[in-house]
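Pasted below: coords17.tsv, TSV, C-alpha atoms.
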```tsv
chain	number	residue	atom	x	y	z
A	1	MET	CA	-31.24	34.34	-2.37
A	2	LYS	CA	-31.81	31.83	0.44
A	3	LYS	CA	-33.06	29.25	-2.08
A	4	ILE	CA	-29.96	29.61	-4.22
A	5	PHE	CA	-27.70	29.32	-1.17
A	6	SER	CA	-29.60	26.24	0.05
A	7	LEU	CA	-29.39	24.65	-3.38
A	8	LEU	CA	-25.65	25.35	-3.52
A	9	ILE	CA	-25.13	23.73	-0.09
A	10	LEU	CA	-27.16	20.70	-1.20
A	11	CYS	CA	-25.11	20.32	-4.38
A	12	ILE	CA	-21.83	20.54	-2.47
A	13	SER	CA	-23.05	17.95	0.03
A	14	LEU	CA	-24.09	15.54	-2.71
A	15	PHE	CA	-20.80	16.05	-4.54
A	16	THR	CA	-18.87	15.34	-1.32
A	17	LEU	CA	-20.83	12.14	-0.68
A	18	ALA	CA	-20.32	11.01	-4.26
A	19	GLN	CA	-16.55	11.53	-3.90
A	20	GLN	CA	-16.27	9.24	-0.88
A	21	VAL	CA	-14.88	5.85	-1.85
A	22	LYS	CA	-15.52	2.75	0.19
A	23	VAL	CA	-12.11	1.72	1.46
A	24	PRO	CA	-11.37	-1.97	2.20
A	25	PHE	CA	-10.29	-1.08	5.76
A	26	THR	CA	-9.05	1.83	7.81
A	27	GLY	CA	-5.93	1.74	9.90
A	28	HIS	CA	-2.56	0.03	9.83
A	29	ARG	CA	-1.76	-3.31	8.12
A	30	SER	CA	1.72	-4.85	7.76
A	31	PHE	CA	2.90	-6.87	4.79
A	32	ASP	CA	5.94	-8.78	3.51
A	33	ILE	CA	5.93	-9.22	-0.27
A	34	MET	CA	9.68	-9.65	-0.74
A	35	LYS	CA	10.78	-12.53	1.44
A	36	GLY	CA	13.66	-11.52	3.71
A	37	TYR	CA	15.92	-13.77	5.67
A	38	SER	CA	16.43	-13.59	9.41
A	39	GLY	CA	19.15	-11.18	10.48
A	40	THR	CA	19.33	-9.19	7.23
A	41	GLY	CA	17.64	-6.07	8.55
A	42	THR	CA	14.79	-6.42	6.07
A	43	PRO	CA	12.34	-3.49	6.26
A	44	HIS	CA	8.93	-4.12	7.77
A	45	TYR	CA	6.43	-2.53	5.38
A	46	TYR	CA	2.94	-1.30	6.16
A	47	VAL	CA	-0.05	0.39	4.57
A	48	ASP	CA	-2.23	2.78	6.57
A	49	ILE	CA	-5.58	3.91	5.16
A	50	LYS	CA	-7.05	7.04	6.73
A	51	LYS	CA	-10.80	7.64	7.09
A	52	SER	CA	-10.48	10.27	4.34
A	53	GLY	CA	-9.35	7.53	1.91
A	54	ASP	CA	-5.72	8.69	1.85
A	55	VAL	CA	-3.33	5.76	1.56
A	56	HIS	CA	0.02	5.95	3.33
A	57	PHE	CA	2.83	3.42	2.87
A	58	GLY	CA	5.78	3.15	5.19
A	59	TYR	CA	8.48	0.97	6.59
A	60	VAL	CA	10.57	0.50	9.71
A	61	GLN	CA	14.02	-1.04	9.39
A	62	VAL	CA	16.44	-1.86	12.19
A	63	ASN	CA	20.11	-2.24	11.32
A	64	GLN	CA	21.16	-5.55	12.84
A	65	ALA	CA	24.74	-4.37	13.41
A	66	ASP	CA	24.20	-1.13	15.34
A	67	GLY	CA	20.46	-1.19	16.18
A	68	LYS	CA	19.82	2.08	14.28
A	69	GLU	CA	16.18	2.42	13.26
A	70	THR	CA	15.21	3.94	9.91
A	71	LYS	CA	11.59	4.94	9.18
A	72	GLU	CA	9.82	6.51	6.26
A	73	GLU	CA	6.17	7.12	5.35
A	74	ILE	CA	4.69	8.53	2.15
A	75	ASN	CA	1.21	9.50	1.01
A	76	ALA	CA	0.43	7.49	-2.15
A	77	GLY	CA	-2.88	9.27	-2.85
A	78	GLN	CA	-6.56	8.38	-2.59
A	79	TYR	CA	-7.74	4.77	-2.54
A	80	ALA	CA	-9.61	3.48	-5.58
A	81	PRO	CA	-10.57	-0.18	-6.15
A	82	ASN	CA	-8.04	-2.04	-8.35
A	83	LYS	CA	-5.94	1.12	-8.65
A	84	VAL	CA	-2.22	0.57	-9.11
A	85	MET	CA	-0.43	2.75	-6.56
A	86	LYS	CA	3.15	3.94	-6.89
A	87	VAL	CA	5.21	3.64	-3.72
A	88	GLY	CA	8.41	5.67	-3.75
A	89	PHE	CA	10.66	5.78	-0.72
A	90	LYS	CA	13.42	8.40	-0.87
A	91	GLU	CA	15.80	7.09	1.80
A	92	TYR	CA	16.89	4.02	-0.20
A	93	GLU	CA	15.56	5.20	-3.59
A	94	GLU	CA	13.10	2.31	-3.60
A	95	ASN	CA	10.12	2.37	-5.99
A	96	PHE	CA	7.47	-0.24	-6.64
A	97	LEU	CA	3.86	-0.57	-7.80
A	98	VAL	CA	1.14	-2.29	-5.78
A	99	LYS	CA	-2.57	-2.91	-5.65
A	100	PHE	CA	-4.46	-4.32	-2.70
A	101	ASP	CA	-7.81	-5.40	-1.31
A	102	LYS	CA	-8.94	-5.99	2.26
A	103	ASP	CA	-6.89	-9.18	2.71
A	104	LYS	CA	-3.89	-9.07	0.35
A	105	ILE	CA	-1.42	-6.77	-1.35
A	106	TYR	CA	0.23	-7.50	-4.72
A	107	LEU	CA	3.40	-6.26	-6.41
A	108	THR	CA	2.39	-5.32	-9.98
A	109	ASP	CA	3.49	-3.79	-13.24
A	110	GLU	CA	2.07	-0.48	-14.55
A	111	ARG	CA	-1.06	-2.20	-15.90
A	112	GLY	CA	-1.86	-4.00	-12.65
A	113	ASN	CA	-0.59	-7.44	-13.66
A	114	ILE	CA	0.71	-9.30	-10.61
A	115	LEU	CA	4.44	-10.01	-10.85
A	116	HIS	CA	6.07	-13.42	-10.42
A	117	LEU	CA	9.67	-13.00	-9.25
A	118	GLU	CA	12.35	-15.06	-7.55
A	119	ASP	CA	12.61	-12.40	-4.80
A	120	CYS	CA	8.99	-13.14	-3.88
A	121	CYS	CA	9.76	-16.78	-3.04
A	122	SER	CA	10.32	-17.99	0.47
A	123	SER	CA	13.32	-20.24	1.05
A	124	SER	CA	10.98	-23.25	1.34
A	125	GLU	CA	9.29	-22.83	-2.07
A	126	SER	CA	9.96	-24.99	-5.11
A	127	VAL	CA	13.06	-24.84	-7.32
A	128	ASN	CA	11.06	-23.15	-10.12
A	129	LYS	CA	11.30	-19.62	-8.69
A	130	ASP	CA	9.51	-17.99	-11.67
A	131	THR	CA	6.19	-19.23	-10.29
A	132	CYS	CA	6.42	-17.27	-7.04
A	133	LYS	CA	3.53	-14.82	-6.99
A	134	CYS	CA	4.44	-11.43	-5.49
A	135	GLU	CA	1.72	-11.15	-2.89
A	136	SER	CA	1.35	-10.89	0.86
A	137	GLU	CA	-1.35	-11.15	3.46
A	138	LEU	CA	-2.18	-7.85	5.17
A	139	TYR	CA	-1.57	-8.39	8.89
A	140	LYS	CA	-3.24	-6.39	11.65
```

Do you think you could lay out the structure here as structure tokens?
Amino acid sequence: MKKIFSLLILCISLFTLAQQVKVPFTGHRSFDIMKGYSGTGTPHYYVDIKKSGDVHFGYVQVNQADGKETKEEINAGQYAPNKVMKVGFKEYEENFLVKFDKDKIYLTDERGNILHLEDCCSSSESVNKDTCKCESELYK
């Protein structure tokens, strides 16, 4: 009986170790994929990876007129390399798809293709706005 119990504990331990995914980082990183303009009250987005591998996305937005702060955070699931993650914020009914690595985050379609949109251009980029890659550095 002790051998069976020991074998069961060993199997569970091995299964648990096999389930652990190497995450690109743990902790909080900010990003800015959609380029806002000063004074618009643009949300400040972040991704927070827990030691368990859970990925949380959130934002903080301050209304420029009255100073009211709006926050929201969601759990987008477990991290997996090159996985497209759905981010859905309820407050403003905002949904988008992203994938990320240790340095950058990308706005994507369902298949993981990085989008090129005018909204991803900064005001200083070229006139051809279709070439603006929807990506951002991940800032500590």

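Each of A:Cys120, A:Cys134, A:Val60, A:Ile74 was compared to Phe100 of chain A using all atoms listed in the file, and A:Cys134 turns out to be the nearest.
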
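Once Asn113 of chain A and its same-chain neighbours fewer than 2 positions away are set aside, Asn82, Lys83, Val84, Leu97, Val98, Lys99, Tyr106, Leu107, Thr108, Asp109, Glu110, Arg111, Leu115, His116, Lys133, Cys134 and Glu135 of chain A remain within 12 Å of it when counting only C-alpha atoms.
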
C-alpha atoms of the current selection, written as a short mmCIF file (atom, residue, chain, number, x, y, z; two decimals), in the frame of the given file:
```cif
data_model
loop_
_atom_site.label_atom_id
_atom_site.label_comp_id
_atom_site.auth_asym_id
_atom_site.auth_seq_id
_atom_site.Cartn_x
_atom_site.Cartn_y
_atom_site.Cartn_z
CA ASN A 82 -8.04 -2.04 -8.35
CA LYS A 83 -5.94 1.12 -8.65
CA VAL A 84 -2.22 0.57 -9.11
CA LEU A 97 3.86 -0.57 -7.80
CA VAL A 98 1.14 -2.29 -5.78
CA LYS A 99 -2.57 -2.91 -5.65
CA TYR A 106 0.23 -7.50 -4.72
CA LEU A 107 3.40 -6.26 -6.41
CA THR A 108 2.39 -5.32 -9.98
CA ASP A 109 3.49 -3.79 -13.24
CA GLU A 110 2.07 -0.48 -14.55
CA ARG A 111 -1.06 -2.20 -15.90
CA LEU A 115 4.44 -10.01 -10.85
CA HIS A 116 6.07 -13.42 -10.42
CA LYS A 133 3.53 -14.82 -6.99
CA CYS A 134 4.44 -11.43 -5.49
CA GLU A 135 1.72 -11.15 -2.89
#
```

Original post:
Neighbours of segment 44-47 of chain A within 10 Å (only C-alpha atoms; same-chain residues fewer than 2 positions away dropped), as number ranges by chain?
Top reply: A: 26-34, 36, 41-42, 49-50, 55-62, 71-76, 100, 105, 138-140

Original post:
Between atom CA of Ile114 of chain A and atom CA of Gln78 of chain A, what is the distance, to one decimal in Å?
Top reply: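 Computing the Euclidean distance for atom CA of Ile114 of chain A and atom CA of Gln78 of chain A yields 20.7 Å.
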
**OP:** Can you work out the spacing between atom CA of Asp101 of chain A and atom CA of Asp48 of chain A in Å, to one decimal?
**Re:**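 Going from atom CA of Asp101 of chain A over to atom CA of Asp48 of chain A covers 12.7 Å.
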
Quick one: segment 52-86 of chain A from the block, N, CA and C atoms, as an mmCIF file, in the first residue's frame.
```cif
data_model
loop_
_atom_site.group_PDB
_atom_site.id
_atom_site.type_symbol
_atom_site.label_atom_id
_atom_site.label_comp_id
_atom_site.auth_asym_id
_atom_site.auth_seq_id
_atom_site.Cartn_x
_atom_site.Cartn_y
_atom_site.Cartn_z
ATOM 1 N N SER A 52 2.392 31.592 -10.957
ATOM 2 C CA SER A 52 1.646 30.396 -11.373
ATOM 3 C C SER A 52 1.502 30.288 -12.888
ATOM 4 N N GLY A 53 1.839 31.382 -13.616
ATOM 5 C CA GLY A 53 1.674 31.407 -15.067
ATOM 6 C C GLY A 53 0.391 32.082 -15.507
ATOM 7 N N ASP A 54 -0.466 32.475 -14.545
ATOM 8 C CA ASP A 54 -1.688 33.208 -14.886
ATOM 9 C C ASP A 54 -1.319 34.579 -15.427
ATOM 10 N N VAL A 55 -2.004 34.972 -16.499
ATOM 11 C CA VAL A 55 -1.749 36.262 -17.141
ATOM 12 C C VAL A 55 -2.950 37.168 -16.887
ATOM 13 N N HIS A 56 -2.678 38.317 -16.301
ATOM 14 C CA HIS A 56 -3.711 39.314 -16.031
ATOM 15 C C HIS A 56 -3.427 40.552 -16.876
ATOM 16 N N PHE A 57 -4.478 41.086 -17.503
ATOM 17 C CA PHE A 57 -4.383 42.344 -18.231
ATOM 18 C C PHE A 57 -5.248 43.361 -17.509
ATOM 19 N N GLY A 58 -4.804 44.605 -17.544
ATOM 20 C CA GLY A 58 -5.586 45.648 -16.905
ATOM 21 C C GLY A 58 -5.282 47.002 -17.491
ATOM 22 N N TYR A 59 -6.022 47.973 -17.002
ATOM 23 C CA TYR A 59 -5.778 49.355 -17.402
ATOM 24 C C TYR A 59 -6.173 50.283 -16.268
ATOM 25 N N VAL A 60 -5.613 51.478 -16.325
ATOM 26 C CA VAL A 60 -5.987 52.583 -15.449
ATOM 27 C C VAL A 60 -6.200 53.777 -16.368
ATOM 28 N N GLN A 61 -7.353 54.430 -16.212
ATOM 29 C CA GLN A 61 -7.662 55.592 -17.040
ATOM 30 C C GLN A 61 -8.144 56.712 -16.139
ATOM 31 N N VAL A 62 -7.596 57.902 -16.348
ATOM 32 C CA VAL A 62 -7.999 59.070 -15.588
ATOM 33 C C VAL A 62 -8.714 60.029 -16.520
ATOM 34 N N ASN A 63 -9.956 60.357 -16.179
ATOM 35 C CA ASN A 63 -10.725 61.317 -16.962
ATOM 36 C C ASN A 63 -10.096 62.688 -16.782
ATOM 37 N N GLN A 64 -9.697 63.293 -17.889
ATOM 38 C CA GLN A 64 -8.995 64.577 -17.827
ATOM 39 C C GLN A 64 -9.900 65.706 -17.329
ATOM 40 N N ALA A 65 -11.208 65.579 -17.520
ATOM 41 C CA ALA A 65 -12.121 66.647 -17.124
ATOM 42 C C ALA A 65 -12.378 66.675 -15.619
ATOM 43 N N ASP A 66 -12.677 65.508 -15.029
ATOM 44 C CA ASP A 66 -13.041 65.500 -13.609
ATOM 45 C C ASP A 66 -12.066 64.743 -12.710
ATOM 46 N N GLY A 67 -11.018 64.137 -13.301
ATOM 47 C CA GLY A 67 -10.017 63.428 -12.507
ATOM 48 C C GLY A 67 -10.451 62.053 -12.024
ATOM 49 N N LYS A 68 -11.651 61.593 -12.440
ATOM 50 C CA LYS A 68 -12.146 60.277 -12.017
ATOM 51 C C LYS A 68 -11.271 59.173 -12.601
ATOM 52 N N GLU A 69 -10.891 58.229 -11.758
ATOM 53 C CA GLU A 69 -10.041 57.124 -12.187
ATOM 54 C C GLU A 69 -10.886 55.871 -12.393
ATOM 55 N N THR A 70 -10.692 55.218 -13.536
ATOM 56 C CA THR A 70 -11.365 53.964 -13.849
ATOM 57 C C THR A 70 -10.289 52.891 -13.984
ATOM 58 N N LYS A 71 -10.518 51.730 -13.328
ATOM 59 C CA LYS A 71 -9.572 50.613 -13.387
ATOM 60 C C LYS A 71 -10.333 49.338 -13.708
ATOM 61 N N GLU A 72 -9.644 48.431 -14.361
ATOM 62 C CA GLU A 72 -10.201 47.102 -14.578
ATOM 63 C C GLU A 72 -9.054 46.130 -14.780
ATOM 64 N N GLU A 73 -9.220 44.897 -14.297
ATOM 65 C CA GLU A 73 -8.218 43.845 -14.494
ATOM 66 C C GLU A 73 -8.952 42.547 -14.751
ATOM 67 N N ILE A 74 -8.451 41.784 -15.719
ATOM 68 C CA ILE A 74 -9.047 40.483 -16.042
ATOM 69 C C ILE A 74 -7.961 39.408 -16.078
ATOM 70 N N ASN A 75 -8.371 38.181 -15.816
ATOM 71 C CA ASN A 75 -7.480 37.032 -15.948
ATOM 72 C C ASN A 75 -7.700 36.464 -17.339
ATOM 73 N N ALA A 76 -6.647 36.484 -18.170
ATOM 74 C CA ALA A 76 -6.750 36.002 -19.555
ATOM 75 C C ALA A 76 -6.329 34.540 -19.699
ATOM 76 N N GLY A 77 -6.005 33.871 -18.592
ATOM 77 C CA GLY A 77 -5.645 32.458 -18.651
ATOM 78 C C GLY A 77 -4.166 32.218 -18.412
ATOM 79 N N GLN A 78 -3.735 31.008 -18.698
ATOM 80 C CA GLN A 78 -2.350 30.585 -18.509
ATOM 81 C C GLN A 78 -1.476 31.009 -19.687
ATOM 82 N N TYR A 79 -0.253 31.394 -19.397
ATOM 83 C CA TYR A 79 0.697 31.754 -20.446
ATOM 84 C C TYR A 79 1.128 30.514 -21.226
ATOM 85 N N ALA A 80 1.245 30.668 -22.526
ATOM 86 C CA ALA A 80 1.839 29.659 -23.398
ATOM 87 C C ALA A 80 2.581 30.417 -24.494
ATOM 88 N N PRO A 81 3.789 29.994 -24.846
ATOM 89 C CA PRO A 81 4.554 30.699 -25.885
ATOM 90 C C PRO A 81 3.757 30.814 -27.184
ATOM 91 N N ASN A 82 3.780 32.003 -27.779
ATOM 92 C CA ASN A 82 3.109 32.306 -29.049
ATOM 93 C C ASN A 82 1.591 32.130 -29.016
ATOM 94 N N LYS A 83 1.024 32.019 -27.822
ATOM 95 C CA LYS A 83 -0.424 31.873 -27.699
ATOM 96 C C LYS A 83 -1.091 33.233 -27.899
ATOM 97 N N VAL A 84 -2.142 33.250 -28.700
ATOM 98 C CA VAL A 84 -2.944 34.455 -28.853
ATOM 99 C C VAL A 84 -3.898 34.500 -27.663
ATOM 100 N N MET A 85 -3.874 35.620 -26.946
ATOM 101 C CA MET A 85 -4.712 35.765 -25.758
ATOM 102 C C MET A 85 -5.801 36.804 -26.030
ATOM 103 N N LYS A 86 -7.011 36.460 -25.612
ATOM 104 C CA LYS A 86 -8.138 37.377 -25.772
ATOM 105 C C LYS A 86 -8.224 38.250 -24.524
#
```
